[in-house]
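Q: The structure is given below, and queries will be raised subsequently.
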Amino acid sequence: MSVTAVRRAAPDLAALPDDLAGIELIDDPAVVRMKSRDFYWYSPILKPLLRDKSADLLAVPKSEDDLVRIARACARHRVPVVVRGGGTGNYGQLVPLEGGLIIDMAALDAVRWIEGGLGRFQAGARLIDIDAAARPLGWELRMHPSTKRMATIGGFVAGGAAGIGSITWGQLRDAGAIAGLRVVTMEDEPRAIELRGADLAKATHAYGTNGIITEVEMPMARAWPWVEAIIHFPDFMTAARFGQALGESDGIVKNLVSAFAWPIPAYFKALRPFMPDGRSAVICMVAAPSVDALRDLATEHGAVLSFERAADEAATGLDVPPLYEFTWNHTTLQALKVDRTITYLQSIFTPGRNIAQVEALHRLFGDEVMLHLEFQRRQGGVSCSALQVIRYTNAARLAEIVRIHEAHGVRISNPHSYILEDKGPKVIDADHQLAFKREADPYGLMNPGKMSRWSPA
Ligand SMILES: Cc1cc2nc3c(=O)[nH]c(=O)nc-3n(C[C@H](O)[C@H](O)[C@H](O)COP(=O)(O)OP(=O)(O)OC[C@H]3O[C@@H](n4cnc5c(N)ncnc54)[C@H](O)[C@@H]3O)c2cc1C
């Protein structure tokens, strides 16, 4: 993959300040560059490709009207645009490949309403603030990424996939996971469009390539008092089988089931007192009324809980951060903090065959590919995905590791590419997204270079 993008008519950035009078614009290169970055540096492949990329100008809109003015001006002057939420994407989704304008959504952070199992939020609202507003009303988000403290709801639906809650509620792309999106188009006369039902696929997980999401409506779940726990096991396959069994225990209310092959737990510095040497571990979150059943299940698998804490206590005593910050893609971050030479993969195992696939690959690779499983509901059952922590040698070996996974029937969602289609969206979603881009972004200004199927008409 190389960063060569075709520029359409030359952008006239100098014309923007006049058109956007009254909207905060920042051109300090250090600030703009900082806002043009996400966590792409996780990837040794992306790092050299993206480190010199930056927008030229940053805009901080305060209302949807501001966004409409920005869209109109950028369409008129053919200026490329990237939208920024919390900046926690990890494949360079938001890194501008062609300069231009980056829009910081931080000031569009209102909770519009939460009622009757639905909530509506401005796209820049942070997930942690949404839950803080929802809990007193008895609701919580059904799922959130492990970046809950930084990520926005707009960034999650535009760039995320699943997370804490997915063991009960599946993935963001499942029908019913998102209720509605409001999107401002990038046309001569921008429109604000409401997407619902099947139309949601047009802009969900599209990396902001085909519109600016201004509001998100989400189905909510009844809030539970969650308990975080760590359980350790003499070998990884016992931990994996326990994870599967916990996932399939329909009577246990749960939010998170993550399994880690030793030596991954050794990377979790703050958790070391609860992670004995040589033992694989499961981190999970269950509802307080389900803790006794969790202990019984652990006993059945020859294990005990080494750590147990009410999740809301994590918010006050940060000696041990919330346990979800060791799971999902935080596992990779915790490992990178200790060892900058490792890298990772993202993969989806086959429902019904997942444990057999895990066993075969664990045997084959040993410590070179350290398994980290996230159990999820998929296609009506319980399966897992993995964010393997890999001892990186070179790109050729990484490609070989990918090939071997694929030969075992494991689907790779390539985290070493910023190209949307390389994450393996359903073809039908990709078709929807491309068709919508032709309508909503006719000049191809939105996050150019990220949707490989796009070419100017
Ligand atoms: C440590 C770590 C852990 C992670 N864990 C998870 C996880 O558990 N689950 C998961 O799914 N992901 C995870 N991720 C990836 C990322 O955090 C999530 O996708 C997150 O939801 C992104 O939100 P954000 O607000 O930071 O988005 P950003 O990084 O700001 O943006 C992500 C993409 O969406 C676009 N975008 C943002 N806002 C808008 C908008 N309003 N309109 C249109 N486009 C927009 C951006 O242009 C970009 O392409 C993790 C990343 C890291 C670094």
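Residues are named by chain letter and number: chains run A, B, ... in the order of the structure tokens, numbers start at 1 in each chain, and ligands are numbered from 1 in the order shown.
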Give me, as a PyMOL selection string, all polymer residues having an atom no more than 12 Å from Gly85 in chain A, counting only C-alpha atoms and skipping those fewer than 6 positions away in the same chain.

A: chain A and resi 35-38+60+93-94+102-109+122-127+147+150-160+207-208+212-214

Q: Would you mind listing what lies within 12 Å of range 380-383 of chain A as JSON, numbers by chain, with only C-alpha atoms counted and same-chain residues fewer than 3 positions away left out?

A: {"A": [166, 167, 168, 169, 170, 171, 174, 240, 241, 243, 244, 245, 246, 247, 248, 249, 250, 257, 258, 347, 348, 349, 350, 351, 352, 353, 354, 355, 356, 357, 358, 373, 374, 375, 376, 377, 386, 410]}

Q: Mind giving me the straight-line distance from CA of Leu13 in chain A to CA of Ala73 in chain A in Å, one decimal?

A: 9.6 Å

Q: Do you know which residues are at most 10 Å from range 426-441 of chain A counting only C-alpha atoms, after dropping those on the same chain fewer than 2 positions away, and could you put them as a PyMOL selection string?

A: chain A and resi 71+75+173+183-188+190-191+193+198-206+208-212+420-421+423-424+443-446+451-457

Q: Can those selected residues be exported to a file as an mmCIF file, in the first residue's frame so that it contains C-alpha atoms?

A:
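Saved to selection_8.cif:
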```cif
data_model
loop_
_atom_site.group_PDB
_atom_site.id
_atom_site.type_symbol
_atom_site.label_atom_id
_atom_site.label_comp_id
_atom_site.auth_asym_id
_atom_site.auth_seq_id
_atom_site.Cartn_x
_atom_site.Cartn_y
_atom_site.Cartn_z
ATOM 1 C CA ALA A 71 -19.472 21.940 4.389
ATOM 2 C CA ALA A 75 -17.447 22.099 -1.287
ATOM 3 C CA ARG A 173 -23.249 -3.385 12.526
ATOM 4 C CA VAL A 183 -25.678 13.464 8.590
ATOM 5 C CA VAL A 184 -24.670 16.743 6.949
ATOM 6 C CA THR A 185 -23.641 16.287 3.313
ATOM 7 C CA MET A 186 -20.679 17.893 1.529
ATOM 8 C CA GLU A 187 -22.504 19.486 -1.420
ATOM 9 C CA ASP A 188 -22.812 22.965 -2.887
ATOM 10 C CA PRO A 190 -25.383 20.842 2.128
ATOM 11 C CA ARG A 191 -28.382 18.931 3.471
ATOM 12 C CA ILE A 193 -30.347 13.970 6.358
ATOM 13 C CA ALA A 198 -31.522 -0.119 6.394
ATOM 14 C CA ASP A 199 -30.207 3.356 5.437
ATOM 15 C CA LEU A 200 -27.958 3.373 8.513
ATOM 16 C CA ALA A 201 -25.463 1.153 6.652
ATOM 17 C CA LYS A 202 -24.752 4.117 4.362
ATOM 18 C CA ALA A 203 -22.787 6.015 7.002
ATOM 19 C CA THR A 204 -22.084 3.495 9.783
ATOM 20 C CA HIS A 205 -18.413 2.510 9.934
ATOM 21 C CA ALA A 206 -17.635 4.637 6.874
ATOM 22 C CA GLY A 208 -16.490 9.840 7.774
ATOM 23 C CA THR A 209 -15.934 9.373 4.041
ATOM 24 C CA ASN A 210 -19.467 10.270 3.072
ATOM 25 C CA GLY A 211 -20.899 12.842 5.462
ATOM 26 C CA ILE A 212 -20.525 14.561 8.807
ATOM 27 C CA LEU A 420 -11.970 1.053 4.704
ATOM 28 C CA GLU A 421 -12.522 -1.999 2.527
ATOM 29 C CA LYS A 423 -11.488 -4.128 7.295
ATOM 30 C CA GLY A 424 -13.779 -6.511 5.450
ATOM 31 C CA TYR A 443 -16.470 16.124 -5.170
ATOM 32 C CA GLY A 444 -14.852 13.336 -3.131
ATOM 33 C CA LEU A 445 -13.710 15.733 -0.421
ATOM 34 C CA MET A 446 -14.485 13.678 2.664
ATOM 35 C CA MET A 451 -12.488 4.456 0.526
ATOM 36 C CA SER A 452 -10.647 2.526 -2.170
ATOM 37 C CA ARG A 453 -13.745 1.916 -4.310
ATOM 38 C CA TRP A 454 -14.293 5.639 -4.804
ATOM 39 C CA SER A 455 -13.186 7.278 -8.005
ATOM 40 C CA PRO A 456 -14.452 10.588 -9.362
ATOM 41 C CA ALA A 457 -17.482 10.081 -11.634
#
```

Q: Which polymer residues have any atom within 9 Å of an atom of Asp277 in chain A, counting only C-alpha atoms, with same-chain residues fewer than 2 positions away left out, as a PyMOL selection string?

A: chain A and resi 262-263+265-266+272+275+279-280

Q: Name the closest residue to ligand 1 among the candidates A:Val338, A:Ala21, A:Leu333, A:Val81; distances are taken between atoms, counting only C-alpha atoms and all ligand atoms.

A: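 Nearest to ligand 1: A:Leu333.
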
Q: According to DSSP computed on the backbone, where in range 186-231 of chain A is there strand (DSSP E)? Give the residues as a list in words.

A: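 Here are the strand (DSSP E) residues of range 186-231 of chain A: Ala192, Ile193, Glu194, Leu195, Arg196, Ile212, Ile213, Thr214, Glu215, Val216, Glu217, Met218, Pro219, Met220, Ala221, Arg222, Trp226, Val227, Glu228, Ala229, Ile230 and Ile231 of chain A.
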
Q: Would you export the selected residues with C-alpha atoms as an mmCIF file, in the first residue's frame, please?

A:
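For reference, result_18.cif as written:
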```cif
data_model
loop_
_atom_site.group_PDB
_atom_site.id
_atom_site.type_symbol
_atom_site.label_atom_id
_atom_site.label_comp_id
_atom_site.auth_asym_id
_atom_site.auth_seq_id
_atom_site.Cartn_x
_atom_site.Cartn_y
_atom_site.Cartn_z
ATOM 1 C CA ALA A 192 -28.970 17.464 6.931
ATOM 2 C CA ILE A 193 -30.347 13.970 6.358
ATOM 3 C CA GLU A 194 -31.831 11.582 8.924
ATOM 4 C CA LEU A 195 -30.833 7.942 8.332
ATOM 5 C CA ARG A 196 -32.788 5.113 9.941
ATOM 6 C CA ILE A 212 -20.525 14.561 8.807
ATOM 7 C CA ILE A 213 -22.517 12.741 11.474
ATOM 8 C CA THR A 214 -24.021 15.420 13.692
ATOM 9 C CA GLU A 215 -26.355 13.378 15.909
ATOM 10 C CA VAL A 216 -26.595 9.729 16.899
ATOM 11 C CA GLU A 217 -29.635 7.960 18.338
ATOM 12 C CA MET A 218 -28.863 4.748 20.211
ATOM 13 C CA PRO A 219 -30.949 2.016 21.819
ATOM 14 C CA MET A 220 -30.044 1.863 25.511
ATOM 15 C CA ALA A 221 -29.892 -1.042 27.983
ATOM 16 C CA ARG A 222 -31.152 -1.138 31.568
ATOM 17 C CA TRP A 226 -21.381 -4.208 37.261
ATOM 18 C CA VAL A 227 -18.678 -6.169 39.056
ATOM 19 C CA GLU A 228 -15.226 -6.564 37.492
ATOM 20 C CA ALA A 229 -13.301 -9.782 38.074
ATOM 21 C CA ILE A 230 -10.011 -11.501 37.212
ATOM 22 C CA ILE A 231 -9.787 -15.285 37.129
#
```

Q: Ranking A:Ile342, A:Leu101, A:Leu16, A:Leu118 by minimum distance to Gly180 in chain A and counting only C-alpha atoms, which one comes first?

A: A:Leu118

Q: Using only C-alpha atoms and all ligand atoms, find the one residue out of A:Asp367, A:Glu325, A:Asp339, A:Glu406 that sits nearest to ligand 1.

A: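 Using only C-alpha atoms and all ligand atoms, ligand 1 sits closest to A:Glu325.
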
Q: Hey, which of A:Gly449, A:Ile283, A:Gly163, A:Gly302 ends up closest to Pro80 in chain A? Count only C-alpha atoms.

A: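 Closest to Pro80 in chain A, using only C-alpha atoms: A:Gly449.
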
Q: Compile the contact shell of Thr331 in chain A as an MDAnalysis selection string: residues with an atom at most 10 Å away, counting only C-alpha atoms, same-chain residues fewer than 5 positions apart removed.

A: chainID A and resid 146 258 260 264:265 267:268 324:326 336 344 372 387:389

Q: Report, in Å with one decimal, the straight-line distance from atom 13 (C, counted along the ligand's line) of ligand 1 to CA of Asn329 in chain A.

A: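 Distance between the two atoms: 5.7 Å.
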
Q: So how many Å separate CA of Pro136 in chain A and CA of Leu181 in chain A, to one decimal?

A: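 A separation of 24.6 Å between them.
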
Q: Set the distance at 8 Å and use only C-alpha atoms: which residues neighbour Arg112 in chain A once local chain neighbours fewer than 5 positions away are removed? I'd like the list as a list in words.

A: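 The contact residues come out as Gly119, Arg120, Phe121 and Gln122 of chain A.
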
Q: Could you save those same residues with N, CA and C atoms as an mmCIF file, in the first residue's frame?

A:
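File produced: part-v7.cif:
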```cif
data_model
loop_
_atom_site.group_PDB
_atom_site.id
_atom_site.type_symbol
_atom_site.label_atom_id
_atom_site.label_comp_id
_atom_site.auth_asym_id
_atom_site.auth_seq_id
_atom_site.Cartn_x
_atom_site.Cartn_y
_atom_site.Cartn_z
ATOM 1 N N GLY A 119 -31.686 6.879 23.349
ATOM 2 C CA GLY A 119 -31.022 8.129 23.710
ATOM 3 C C GLY A 119 -30.532 8.812 22.456
ATOM 4 N N ARG A 120 -30.563 10.144 22.446
ATOM 5 C CA ARG A 120 -30.078 10.880 21.278
ATOM 6 C C ARG A 120 -29.011 11.871 21.730
ATOM 7 N N PHE A 121 -27.899 11.881 20.980
ATOM 8 C CA PHE A 121 -26.720 12.630 21.416
ATOM 9 C C PHE A 121 -26.106 13.369 20.243
ATOM 10 N N GLN A 122 -25.531 14.547 20.524
ATOM 11 C CA GLN A 122 -24.699 15.160 19.482
ATOM 12 C C GLN A 122 -23.459 14.290 19.300
#
```

Q: To test your reading of the structure, identify every residue in range 59-185 of chain A that backbone DSSP assigns to helix (DSSP H, G or I), and report it as JSON, numbers by chain.

A: {"A": [64, 65, 66, 67, 68, 69, 70, 71, 72, 73, 74, 75, 76, 77, 127, 128, 129, 130, 131, 132, 133, 134, 135, 136, 137, 153, 154, 155, 156, 157, 158, 159, 166, 167, 168, 169]}

Q: Output N, CA and C atoms for every residue in the selection just made, as an mmCIF file, in the first residue's frame.

A:
```cif
data_model
loop_
_atom_site.group_PDB
_atom_site.id
_atom_site.type_symbol
_atom_site.label_atom_id
_atom_site.label_comp_id
_atom_site.auth_asym_id
_atom_site.auth_seq_id
_atom_site.Cartn_x
_atom_site.Cartn_y
_atom_site.Cartn_z
ATOM 1 N N GLU A 64 -24.752 22.775 14.539
ATOM 2 C CA GLU A 64 -24.941 22.152 13.224
ATOM 3 C C GLU A 64 -24.920 23.217 12.130
ATOM 4 N N ASP A 65 -25.399 24.415 12.451
ATOM 5 C CA ASP A 65 -25.327 25.500 11.451
ATOM 6 C C ASP A 65 -23.882 25.777 11.053
ATOM 7 N N ASP A 66 -22.991 25.768 12.060
ATOM 8 C CA ASP A 66 -21.565 25.955 11.748
ATOM 9 C C ASP A 66 -21.095 24.859 10.796
ATOM 10 N N LEU A 67 -21.523 23.622 11.056
ATOM 11 C CA LEU A 67 -21.086 22.504 10.203
ATOM 12 C C LEU A 67 -21.593 22.670 8.776
ATOM 13 N N VAL A 68 -22.817 23.141 8.649
ATOM 14 C CA VAL A 68 -23.376 23.360 7.304
ATOM 15 C C VAL A 68 -22.560 24.431 6.577
ATOM 16 N N ARG A 69 -22.201 25.490 7.312
ATOM 17 C CA ARG A 69 -21.380 26.543 6.674
ATOM 18 C C ARG A 69 -20.011 25.993 6.260
ATOM 19 N N ILE A 70 -19.432 25.158 7.131
ATOM 20 C CA ILE A 70 -18.119 24.569 6.815
ATOM 21 C C ILE A 70 -18.247 23.688 5.568
ATOM 22 N N ALA A 71 -19.297 22.858 5.532
ATOM 23 C CA ALA A 71 -19.472 21.940 4.389
ATOM 24 C C ALA A 71 -19.656 22.740 3.095
ATOM 25 N N ARG A 72 -20.461 23.799 3.170
ATOM 26 C CA ARG A 72 -20.710 24.612 1.960
ATOM 27 C C ARG A 72 -19.401 25.239 1.461
ATOM 28 N N ALA A 73 -18.642 25.807 2.403
ATOM 29 C CA ALA A 73 -17.390 26.484 2.016
ATOM 30 C C ALA A 73 -16.382 25.482 1.458
ATOM 31 N N CYS A 74 -16.297 24.311 2.093
ATOM 32 C CA CYS A 74 -15.304 23.318 1.623
ATOM 33 C C CYS A 74 -15.704 22.755 0.259
ATOM 34 N N ALA A 75 -17.008 22.573 0.040
ATOM 35 C CA ALA A 75 -17.447 22.099 -1.287
ATOM 36 C C ALA A 75 -17.109 23.169 -2.335
ATOM 37 N N ARG A 76 -17.393 24.416 -1.991
ATOM 38 C CA ARG A 76 -17.165 25.511 -2.942
ATOM 39 C C ARG A 76 -15.689 25.655 -3.306
ATOM 40 N N HIS A 77 -14.830 25.529 -2.301
ATOM 41 C CA HIS A 77 -13.393 25.747 -2.542
ATOM 42 C C HIS A 77 -12.632 24.434 -2.684
ATOM 43 N N LEU A 127 -18.397 9.087 25.283
ATOM 44 C CA LEU A 127 -19.180 7.948 25.764
ATOM 45 C C LEU A 127 -19.278 7.955 27.283
ATOM 46 N N ILE A 128 -18.221 8.381 27.938
ATOM 47 C CA ILE A 128 -18.248 8.388 29.412
ATOM 48 C C ILE A 128 -19.268 9.401 29.928
ATOM 49 N N ASP A 129 -19.415 10.527 29.212
ATOM 50 C CA ASP A 129 -20.387 11.540 29.634
ATOM 51 C C ASP A 129 -21.818 11.078 29.334
ATOM 52 N N ILE A 130 -21.971 10.325 28.234
ATOM 53 C CA ILE A 130 -23.299 9.784 27.928
ATOM 54 C C ILE A 130 -23.734 8.831 29.038
ATOM 55 N N ASP A 131 -22.838 7.931 29.441
ATOM 56 C CA ASP A 131 -23.222 6.997 30.501
ATOM 57 C C ASP A 131 -23.470 7.727 31.823
ATOM 58 N N ALA A 132 -22.682 8.786 32.078
ATOM 59 C CA ALA A 132 -22.900 9.539 33.330
ATOM 60 C C ALA A 132 -24.284 10.184 33.320
ATOM 61 N N ALA A 133 -24.750 10.604 32.141
ATOM 62 C CA ALA A 133 -26.089 11.211 32.059
ATOM 63 C C ALA A 133 -27.179 10.128 32.102
ATOM 64 N N ALA A 134 -26.885 8.950 31.572
ATOM 65 C CA ALA A 134 -27.920 7.912 31.447
ATOM 66 C C ALA A 134 -28.154 7.144 32.748
ATOM 67 N N ARG A 135 -27.077 6.902 33.511
ATOM 68 C CA ARG A 135 -27.187 6.036 34.705
ATOM 69 C C ARG A 135 -28.225 6.506 35.718
ATOM 70 N N PRO A 136 -28.240 7.790 36.053
ATOM 71 C CA PRO A 136 -29.255 8.225 37.026
ATOM 72 C C PRO A 136 -30.681 7.978 36.530
ATOM 73 N N LEU A 137 -30.847 7.829 35.209
ATOM 74 C CA LEU A 137 -32.183 7.568 34.653
ATOM 75 C C LEU A 137 -32.440 6.069 34.521
ATOM 76 N N ILE A 153 -19.396 9.412 20.631
ATOM 77 C CA ILE A 153 -20.408 8.515 20.048
ATOM 78 C C ILE A 153 -20.342 8.579 18.511
ATOM 79 N N GLY A 154 -20.050 9.758 17.961
ATOM 80 C CA GLY A 154 -19.931 9.865 16.490
ATOM 81 C C GLY A 154 -18.760 9.055 15.983
ATOM 82 N N GLY A 155 -17.609 9.143 16.705
ATOM 83 C CA GLY A 155 -16.419 8.386 16.302
ATOM 84 C C GLY A 155 -16.639 6.892 16.442
ATOM 85 N N PHE A 156 -17.412 6.494 17.458
ATOM 86 C CA PHE A 156 -17.669 5.060 17.644
ATOM 87 C C PHE A 156 -18.494 4.511 16.480
ATOM 88 N N VAL A 157 -19.569 5.204 16.107
ATOM 89 C CA VAL A 157 -20.384 4.646 15.010
ATOM 90 C C VAL A 157 -19.699 4.816 13.652
ATOM 91 N N ALA A 158 -18.798 5.821 13.525
ATOM 92 C CA ALA A 158 -18.116 6.019 12.235
ATOM 93 C C ALA A 158 -16.857 5.174 12.108
ATOM 94 N N GLY A 159 -16.240 4.810 13.263
ATOM 95 C CA GLY A 159 -14.950 4.131 13.162
ATOM 96 C C GLY A 159 -14.839 2.865 13.988
ATOM 97 N N SER A 166 -20.605 -6.307 23.999
ATOM 98 C CA SER A 166 -20.830 -7.129 22.808
ATOM 99 C C SER A 166 -21.085 -8.595 23.145
ATOM 100 N N ILE A 167 -20.717 -9.034 24.344
ATOM 101 C CA ILE A 167 -20.999 -10.414 24.729
ATOM 102 C C ILE A 167 -22.517 -10.608 24.903
ATOM 103 N N THR A 168 -23.233 -9.535 25.094
ATOM 104 C CA THR A 168 -24.702 -9.618 25.199
ATOM 105 C C THR A 168 -25.385 -9.028 23.973
ATOM 106 N N TRP A 169 -24.808 -7.970 23.403
ATOM 107 C CA TRP A 169 -25.528 -7.193 22.396
ATOM 108 C C TRP A 169 -24.961 -7.294 20.981
#
```

Q: Which is closer to Lys148 in chain A than all the others in A:Glu98, A:Thr299, A:Thr327, A:Pro61, using only C-alpha atoms?

A: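 Checking each of A:Glu98, A:Thr299, A:Thr327, A:Pro61 against Lys148 in chain A, counting only C-alpha atoms, the winner is A:Thr327.
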